[in-house]
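Trainee: Just so it is clear, I am handing over work.cif, which has mmCIF, C-alpha atoms and all ligand atoms.
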```cif
data_query
loop_
_atom_site.group_PDB
_atom_site.id
_atom_site.type_symbol
_atom_site.label_atom_id
_atom_site.label_comp_id
_atom_site.auth_asym_id
_atom_site.auth_seq_id
_atom_site.Cartn_x
_atom_site.Cartn_y
_atom_site.Cartn_z
ATOM 1 C CA MET A 55 131.297 139.168 126.029
ATOM 2 C CA LYS A 56 129.387 142.372 125.230
ATOM 3 C CA GLY A 57 131.552 145.481 125.058
ATOM 4 C CA VAL A 58 134.816 143.504 125.004
ATOM 5 C CA THR A 59 137.170 143.435 121.999
ATOM 6 C CA VAL A 60 139.995 140.892 121.926
ATOM 7 C CA VAL A 61 142.710 142.152 119.590
ATOM 8 C CA SER A 62 143.721 138.942 117.843
ATOM 9 C CA HIS A 63 146.191 140.440 115.359
ATOM 10 C CA PRO A 64 149.077 137.950 114.849
ATOM 11 C CA LEU A 65 151.726 140.525 115.750
ATOM 12 C CA VAL A 66 149.973 141.242 119.057
ATOM 13 C CA GLN A 67 149.621 137.557 119.873
ATOM 14 C CA HIS A 68 153.246 136.773 118.978
ATOM 15 C CA LYS A 69 154.657 139.615 121.051
ATOM 16 C CA LEU A 70 152.390 138.715 123.961
ATOM 17 C CA THR A 71 153.722 135.144 123.953
ATOM 18 C CA ILE A 72 157.287 136.434 124.305
ATOM 19 C CA MET A 73 156.227 138.767 127.119
ATOM 20 C CA ARG A 74 154.635 135.893 129.010
ATOM 21 C CA LYS A 75 157.844 133.787 129.052
ATOM 22 C CA LYS A 76 159.509 133.927 132.446
ATOM 23 C CA GLU A 77 162.974 134.161 130.887
ATOM 24 C CA THR A 78 162.174 137.333 128.902
ATOM 25 C CA SER A 79 164.442 140.120 130.147
ATOM 26 C CA THR A 80 163.269 143.452 131.553
ATOM 27 C CA ALA A 81 164.638 145.260 128.495
ATOM 28 C CA SER A 82 162.804 142.971 126.066
ATOM 29 C CA PHE A 83 159.610 143.084 128.124
ATOM 30 C CA ARG A 84 159.612 146.897 128.067
ATOM 31 C CA ARG A 85 160.344 147.058 124.338
ATOM 32 C CA LEU A 86 157.586 144.545 123.551
ATOM 33 C CA LEU A 87 155.071 146.371 125.731
ATOM 34 C CA ARG A 88 155.820 149.567 123.858
ATOM 35 C CA GLU A 89 155.447 147.794 120.480
ATOM 36 C CA ILE A 90 152.204 146.104 121.521
ATOM 37 C CA SER A 91 150.812 149.412 122.769
ATOM 38 C CA LEU A 92 151.142 150.811 119.237
ATOM 39 C CA LEU A 93 149.141 147.896 117.828
ATOM 40 C CA LEU A 94 146.497 148.042 120.575
ATOM 41 C CA GLY A 95 146.384 151.818 120.193
ATOM 42 C CA TYR A 96 145.570 151.373 116.504
ATOM 43 C CA GLU A 97 142.556 149.257 117.500
ATOM 44 C CA VAL A 98 141.308 151.373 120.409
ATOM 45 C CA THR A 99 141.363 154.535 118.245
ATOM 46 C CA ARG A 100 139.742 152.859 115.212
ATOM 47 C CA GLU A 101 136.403 154.640 115.649
ATOM 48 C CA LEU A 102 137.760 158.143 116.197
ATOM 49 C CA GLU A 103 135.799 160.585 114.136
ATOM 50 C CA LEU A 104 137.321 162.284 111.142
ATOM 51 C CA THR A 105 136.538 165.604 109.572
ATOM 52 C CA THR A 106 138.221 167.176 106.559
ATOM 53 C CA THR A 107 140.528 170.096 106.090
ATOM 54 C CA THR A 108 141.626 171.882 102.946
ATOM 55 C CA ILE A 109 145.305 171.353 102.176
ATOM 56 C CA GLU A 110 147.612 171.935 99.262
ATOM 57 C CA THR A 111 149.704 169.064 98.000
ATOM 58 C CA PRO A 112 152.556 169.985 95.637
ATOM 59 C CA LEU A 113 150.072 169.273 92.798
ATOM 60 C CA GLN A 114 146.680 170.636 93.855
ATOM 61 C CA THR A 115 144.257 171.566 96.600
ATOM 62 C CA MET A 116 142.325 168.762 98.262
ATOM 63 C CA GLU A 117 139.914 168.077 101.117
ATOM 64 C CA ALA A 118 141.929 165.717 103.314
ATOM 65 C CA PRO A 119 140.817 163.689 106.356
ATOM 66 C CA THR A 120 141.932 164.831 109.771
ATOM 67 C CA LEU A 121 140.946 163.871 113.295
ATOM 68 C CA GLU A 122 137.885 165.674 114.596
ATOM 69 C CA GLY A 123 138.278 168.304 117.265
ATOM 70 C CA LYS A 124 137.188 166.009 120.116
ATOM 71 C CA LYS A 125 140.422 165.573 121.989
ATOM 72 C CA LEU A 126 141.865 162.531 123.671
ATOM 73 C CA VAL A 127 143.046 161.871 127.183
ATOM 74 C CA PHE A 128 145.105 158.819 128.036
ATOM 75 C CA ALA A 129 144.641 157.982 131.707
ATOM 76 C CA SER A 130 147.429 155.802 133.046
ATOM 77 C CA VAL A 131 146.800 153.695 136.123
ATOM 78 C CA LEU A 132 150.183 153.873 137.861
ATOM 79 C CA ARG A 133 152.594 152.390 137.680
ATOM 80 C CA ALA A 134 152.202 149.682 135.046
ATOM 81 C CA GLY A 135 149.848 151.821 132.931
ATOM 82 C CA ASN A 136 152.853 153.900 131.928
ATOM 83 C CA GLY A 137 154.154 150.987 129.856
ATOM 84 C CA LEU A 138 151.138 151.303 127.556
ATOM 85 C CA LEU A 139 151.006 155.093 127.787
ATOM 86 C CA GLU A 140 154.363 155.762 126.132
ATOM 87 C CA GLY A 141 153.498 154.016 122.862
ATOM 88 C CA LEU A 142 150.044 155.599 122.780
ATOM 89 C CA LEU A 143 151.610 159.042 123.079
ATOM 90 C CA ASP A 144 153.795 158.215 120.067
ATOM 91 C CA LEU A 145 150.589 157.584 118.116
ATOM 92 C CA VAL A 146 148.745 160.676 119.381
ATOM 93 C CA PRO A 147 151.384 163.153 120.560
ATOM 94 C CA ALA A 148 148.824 165.911 121.188
ATOM 95 C CA ALA A 149 146.774 163.817 123.640
ATOM 96 C CA ARG A 150 146.476 164.971 127.234
ATOM 97 C CA VAL A 151 147.456 162.649 130.062
ATOM 98 C CA ALA A 152 145.838 161.801 133.379
ATOM 99 C CA HIS A 153 147.621 159.801 136.085
ATOM 100 C CA VAL A 154 145.725 157.750 138.616
ATOM 101 C CA GLY A 155 147.943 156.338 141.352
ATOM 102 C CA LEU A 156 146.454 153.205 142.896
ATOM 103 C CA TYR A 157 148.139 150.355 144.672
ATOM 104 C CA ARG A 158 146.749 146.964 145.508
ATOM 105 C CA ASP A 159 146.517 146.231 149.197
ATOM 106 C CA HIS A 160 148.128 142.785 149.218
ATOM 107 C CA ASP A 161 145.806 141.485 151.934
ATOM 108 C CA THR A 162 142.425 142.794 150.796
ATOM 109 C CA LEU A 163 143.336 143.200 147.067
ATOM 110 C CA GLU A 164 141.394 146.504 147.270
ATOM 111 C CA ALA A 165 142.644 149.518 145.290
ATOM 112 C CA VAL A 166 144.003 152.356 147.445
ATOM 113 C CA GLU A 167 144.404 155.786 145.805
ATOM 114 C CA TYR A 168 147.601 157.783 146.449
ATOM 115 C CA PHE A 169 147.702 160.177 143.462
ATOM 116 C CA PHE A 170 145.283 161.755 140.992
ATOM 117 C CA LYS A 171 145.972 164.408 138.379
ATOM 118 C CA ALA A 172 143.867 164.962 135.262
ATOM 119 C CA PRO A 173 142.975 167.700 132.763
ATOM 120 C CA SER A 174 140.030 169.782 134.018
ATOM 121 C CA ASP A 175 137.827 169.366 130.922
ATOM 122 C CA LEU A 176 137.406 165.574 130.997
ATOM 123 C CA GLY A 177 133.748 165.905 129.966
ATOM 124 C CA ASP A 178 134.786 167.275 126.554
ATOM 125 C CA ARG A 179 137.228 164.468 125.803
ATOM 126 C CA LEU A 180 137.425 160.782 124.996
ATOM 127 C CA VAL A 181 139.254 159.226 127.941
ATOM 128 C CA ILE A 182 141.185 156.011 127.257
ATOM 129 C CA VAL A 183 142.185 154.399 130.543
ATOM 130 C CA VAL A 184 145.225 152.129 130.355
ATOM 131 C CA ASP A 185 146.431 149.401 132.715
ATOM 132 C CA PRO A 186 148.097 146.232 131.391
ATOM 133 C CA MET A 187 146.386 143.775 133.768
ATOM 134 C CA LEU A 188 142.624 143.599 134.366
ATOM 135 C CA ALA A 189 142.785 141.114 137.244
ATOM 136 C CA THR A 190 140.266 141.624 140.082
ATOM 137 C CA ALA A 191 139.295 144.880 138.283
ATOM 138 C CA ASN A 192 139.400 146.742 141.615
ATOM 139 C CA SER A 193 141.916 149.316 140.313
ATOM 140 C CA ALA A 194 140.222 149.727 136.941
ATOM 141 C CA ILE A 195 136.800 150.217 138.534
ATOM 142 C CA ALA A 196 138.208 152.685 141.096
ATOM 143 C CA ALA A 197 140.113 154.638 138.406
ATOM 144 C CA ILE A 198 137.001 154.943 136.259
ATOM 145 C CA ASP A 199 134.817 155.877 139.266
ATOM 146 C CA LYS A 200 137.229 158.714 139.980
ATOM 147 C CA LEU A 201 137.457 159.901 136.362
ATOM 148 C CA LYS A 202 133.653 159.884 136.101
ATOM 149 C CA GLU A 203 133.443 161.846 139.364
ATOM 150 C CA ARG A 204 135.685 164.432 137.668
ATOM 151 C CA GLY A 205 133.376 164.685 134.670
ATOM 152 C CA ALA A 206 134.446 161.985 132.187
ATOM 153 C CA THR A 207 131.505 160.556 130.232
ATOM 154 C CA ASN A 208 133.072 159.004 127.142
ATOM 155 C CA MET A 209 135.593 156.325 128.086
ATOM 156 C CA ARG A 210 137.365 153.170 126.947
ATOM 157 C CA PHE A 211 139.563 150.784 128.887
ATOM 158 C CA LEU A 212 142.680 149.249 127.335
ATOM 159 C CA CYS A 213 144.646 146.382 128.858
ATOM 160 C CA LEU A 214 146.966 143.621 127.753
ATOM 161 C CA LEU A 215 145.492 140.691 129.707
ATOM 162 C CA ALA A 216 142.138 140.250 131.374
ATOM 163 C CA ALA A 217 140.834 137.603 133.770
ATOM 164 C CA PRO A 218 137.240 136.463 133.152
ATOM 165 C CA GLU A 219 136.357 137.330 136.781
ATOM 166 C CA GLY A 220 137.725 140.869 136.368
ATOM 167 C CA LEU A 221 135.976 141.392 133.064
ATOM 168 C CA GLU A 222 132.679 140.346 134.583
ATOM 169 C CA ARG A 223 133.055 142.718 137.527
ATOM 170 C CA PHE A 224 134.261 145.556 135.302
ATOM 171 C CA THR A 225 131.434 145.302 132.779
ATOM 172 C CA ALA A 226 128.873 145.075 135.611
ATOM 173 C CA ALA A 227 130.298 148.214 137.277
ATOM 174 C CA HIS A 228 130.862 150.221 134.081
ATOM 175 C CA PRO A 229 128.729 148.771 131.264
ATOM 176 C CA ASP A 230 129.189 152.002 129.305
ATOM 177 C CA VAL A 231 132.979 151.552 129.023
ATOM 178 C CA PRO A 232 134.142 149.243 126.206
ATOM 179 C CA VAL A 233 137.175 147.077 126.996
ATOM 180 C CA PHE A 234 140.020 146.284 124.588
ATOM 181 C CA THR A 235 142.456 143.498 125.473
ATOM 182 C CA ALA A 236 144.982 141.214 123.777
ATOM 183 C CA SER A 237 143.806 138.128 125.699
ATOM 184 C CA ILE A 238 141.207 136.816 128.111
ATOM 185 C CA ASP A 239 143.172 134.348 130.216
ATOM 186 C CA GLU A 240 141.946 131.341 132.147
ATOM 187 C CA LYS A 241 141.347 132.656 135.669
ATOM 188 C CA LEU A 242 142.592 134.544 138.716
ATOM 189 C CA ASN A 243 144.562 132.599 141.296
ATOM 190 C CA GLU A 244 144.053 132.894 145.062
ATOM 191 C CA LYS A 245 146.560 135.765 145.232
ATOM 192 C CA GLY A 246 144.746 137.776 142.566
ATOM 193 C CA TYR A 247 147.239 137.025 139.782
ATOM 194 C CA ILE A 248 146.061 136.326 136.259
ATOM 195 C CA VAL A 249 146.770 132.707 135.218
ATOM 196 C CA PRO A 250 148.610 131.798 133.067
ATOM 197 C CA GLY A 251 149.315 135.540 132.841
ATOM 198 C CA LEU A 252 152.776 137.063 132.747
ATOM 199 C CA GLY A 253 153.442 137.755 136.426
ATOM 200 C CA ASP A 254 153.510 141.230 137.940
ATOM 201 C CA ALA A 255 153.525 143.623 134.996
ATOM 202 C CA GLY A 256 155.091 146.493 136.985
ATOM 203 C CA ASP A 257 157.885 144.291 138.317
ATOM 204 C CA ARG A 258 158.582 142.864 134.887
ATOM 205 C CA MET A 259 158.668 146.350 133.289
ATOM 206 C CA TYR A 260 160.911 147.911 135.869
ATOM 207 C CA GLY A 261 162.966 144.921 137.062
ATOM 208 C CA THR A 262 161.701 145.215 140.642
ATOM 209 C CA LYS A 263 160.573 142.451 142.960
HETATM 210 N N1 LIG B 1 148.655 142.683 138.335
HETATM 211 C C1 LIG B 1 149.720 142.145 137.696
HETATM 212 O O1 LIG B 1 150.705 142.834 137.435
HETATM 213 N N2 LIG B 1 149.678 140.832 137.376
HETATM 214 C C2 LIG B 1 148.620 140.047 137.628
HETATM 215 O O2 LIG B 1 148.643 138.863 137.269
HETATM 216 C C3 LIG B 1 147.521 140.631 138.299
HETATM 217 C C4 LIG B 1 147.563 141.952 138.636
#
```
Mind converting the file's structure to structure tokens?
Ligand code: URA

Mentor:
Amino acid sequence: MKGVTVVSHPLVQHKLTIMRKKETSTASFRRLLREISLLLGYEVTRELELTTTTIETPLQTMEAPTLEGKKLVFASVLRAGNGLLEGLLDLVPAARVAHVGLYRDHDTLEAVEYFFKAPSDLGDRLVIVVDPMLATANSAIAAIDKLKERGATNMRFLCLLAAPEGLERFTAAHPDVPVFTASIDEKLNEKGYIVPGLGDAGDRMYGTK
């Protein structure tokens, strides 16, 4: 699908398989999500622009590559987005963070906003929106609508699993936002869960139910 990258790296796929297993503990699930976020983060930041800076090694002066000035924002769709956010911040500690609080109305499956906080200069930054599950895409679409309303123009969306139905809706609503995912699963079930999926990502991360 256009604008969609499936990160097929063996380490990602192996860790994802363990996360999917119903017997995987909360502690293991959280650790694996953090590890996978580092690998996905490597992929989603692959095209960041570099410039050079003059440095001195112990032996001589050199022009060395460094990230260009254009700064990053990681936008976490609460609450499960935080599982991806932590690893990404290890990779790019200077990044700014936006939080978009959305919950899924269990009857309508619509996204309802309860919190929004973001840096004011979103238009000057690359905004990487993170949410582990792209299911109906209602939350992802609503989060990106809101970030665009606040000035964001250069965005990417990073998730762990995507449903084909969600991907289709997402790319129709925001064709300018490339998607990175570890897997495109089979389908959504009648309750809006990704199948075969891994269950409720937030519940599995935090041990709630
Ligand atoms: N959100 C989840 O956490 N899991 C799904 O399968 C769908 C949405």

Trainee: To test your reading of the syntax: which residues would the PyMOL selection byres (((not hetatm)) within 12 of (chain B and resi 1)) return for the file shown? Reply as a PyMOL selection string.

Mentor: chain A and resi 74+131-135+137+156-160+163-165+185-194+213-217+219-220+238-260+262-263

Trainee: What's around A:Val151 at 7 Å? Count all atoms listed in the file, leave out sequence neighbours fewer than 4 positions away in its own chain, and write the answer as an mmCIF file with C-alpha atoms, in the coordinates of the input.

Mentor:
```
data_model
loop_
_atom_site.group_PDB
_atom_site.id
_atom_site.type_symbol
_atom_site.label_atom_id
_atom_site.label_comp_id
_atom_site.auth_asym_id
_atom_site.auth_seq_id
_atom_site.Cartn_x
_atom_site.Cartn_y
_atom_site.Cartn_z
ATOM 1 C CA VAL A 127 143.046 161.871 127.183
ATOM 2 C CA PHE A 128 145.105 158.819 128.036
ATOM 3 C CA ALA A 129 144.641 157.982 131.707
ATOM 4 C CA ALA A 172 143.867 164.962 135.262
#
```

Trainee: Compile the contact shell of A:Arg210 as a PyMOL selection string: residues with an atom at most 7 Å away, counting only C-alpha atoms, same-chain residues fewer than 3 positions apart removed.

Mentor: chain A and resi 181-183+231-233

Trainee: Counting only C-alpha atoms, which residue out of A:Tyr168, A:Thr78, A:Ser62, A:Leu180 sits closest to A:Glu103?

Mentor: A:Leu180

Trainee: If the PyMOL selection byres (((chain A and resi 174-177) around 12) and not hetatm) is run on the structure shown, which residues does it catch, given as a short mmCIF file (atom, residue, chain, number, x, y, z; two decimals) with C-alpha atoms, in the coordinates of the input?

Mentor:
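Written file, part04.cif:
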```cif
data_model
loop_
_atom_site.label_atom_id
_atom_site.label_comp_id
_atom_site.auth_asym_id
_atom_site.auth_seq_id
_atom_site.Cartn_x
_atom_site.Cartn_y
_atom_site.Cartn_z
CA LYS A 124 137.19 166.01 120.12
CA LYS A 125 140.42 165.57 121.99
CA LEU A 126 141.86 162.53 123.67
CA VAL A 127 143.05 161.87 127.18
CA PHE A 128 145.10 158.82 128.04
CA ALA A 129 144.64 157.98 131.71
CA ARG A 150 146.48 164.97 127.23
CA VAL A 151 147.46 162.65 130.06
CA ALA A 152 145.84 161.80 133.38
CA PHE A 170 145.28 161.76 140.99
CA LYS A 171 145.97 164.41 138.38
CA ALA A 172 143.87 164.96 135.26
CA PRO A 173 142.98 167.70 132.76
CA ASP A 178 134.79 167.28 126.55
CA ARG A 179 137.23 164.47 125.80
CA LEU A 180 137.43 160.78 125.00
CA VAL A 181 139.25 159.23 127.94
CA ILE A 182 141.18 156.01 127.26
CA ILE A 198 137.00 154.94 136.26
CA LYS A 200 137.23 158.71 139.98
CA LEU A 201 137.46 159.90 136.36
CA LYS A 202 133.65 159.88 136.10
CA GLU A 203 133.44 161.85 139.36
CA ARG A 204 135.68 164.43 137.67
CA GLY A 205 133.38 164.68 134.67
CA ALA A 206 134.45 161.99 132.19
CA THR A 207 131.50 160.56 130.23
CA ASN A 208 133.07 159.00 127.14
CA MET A 209 135.59 156.32 128.09
#
```

Trainee: Between atom CA of A:Leu86 and atom CA of A:Lys69, what is the distance, to one decimal in Å?

Mentor: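 Between atom CA of A:Leu86 and atom CA of A:Lys69 the gap is 6.3 Å.
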
Trainee: Please enumerate the residues selected by the PyMOL selection byres (((chain A and resi 94-97) around 9) and not hetatm) when evaluated against the supplied file, formatted as a PyMOL selection string.

Mentor: chain A and resi 61+66+89-93+98-101+138+141-142+145+212-214+234-236

Trainee: So how far away is atom CA of A:Lys76 from atom CA of A:Thr59, in Å?

Mentor: 26.4 Å

Trainee: For A:Arg84, which residue among A:Ala226, A:Glu167, A:Thr115, A:Gly261 is the nearest when counting all atoms listed in the file?

Mentor: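 Among the listed residues, the smallest separation from A:Arg84 belongs to A:Gly261.
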
Trainee: Can you tell me how far atom CA of A:Thr108 sits from atom CA of A:Thr120, in Å to one decimal?

Mentor: 9.8 Å
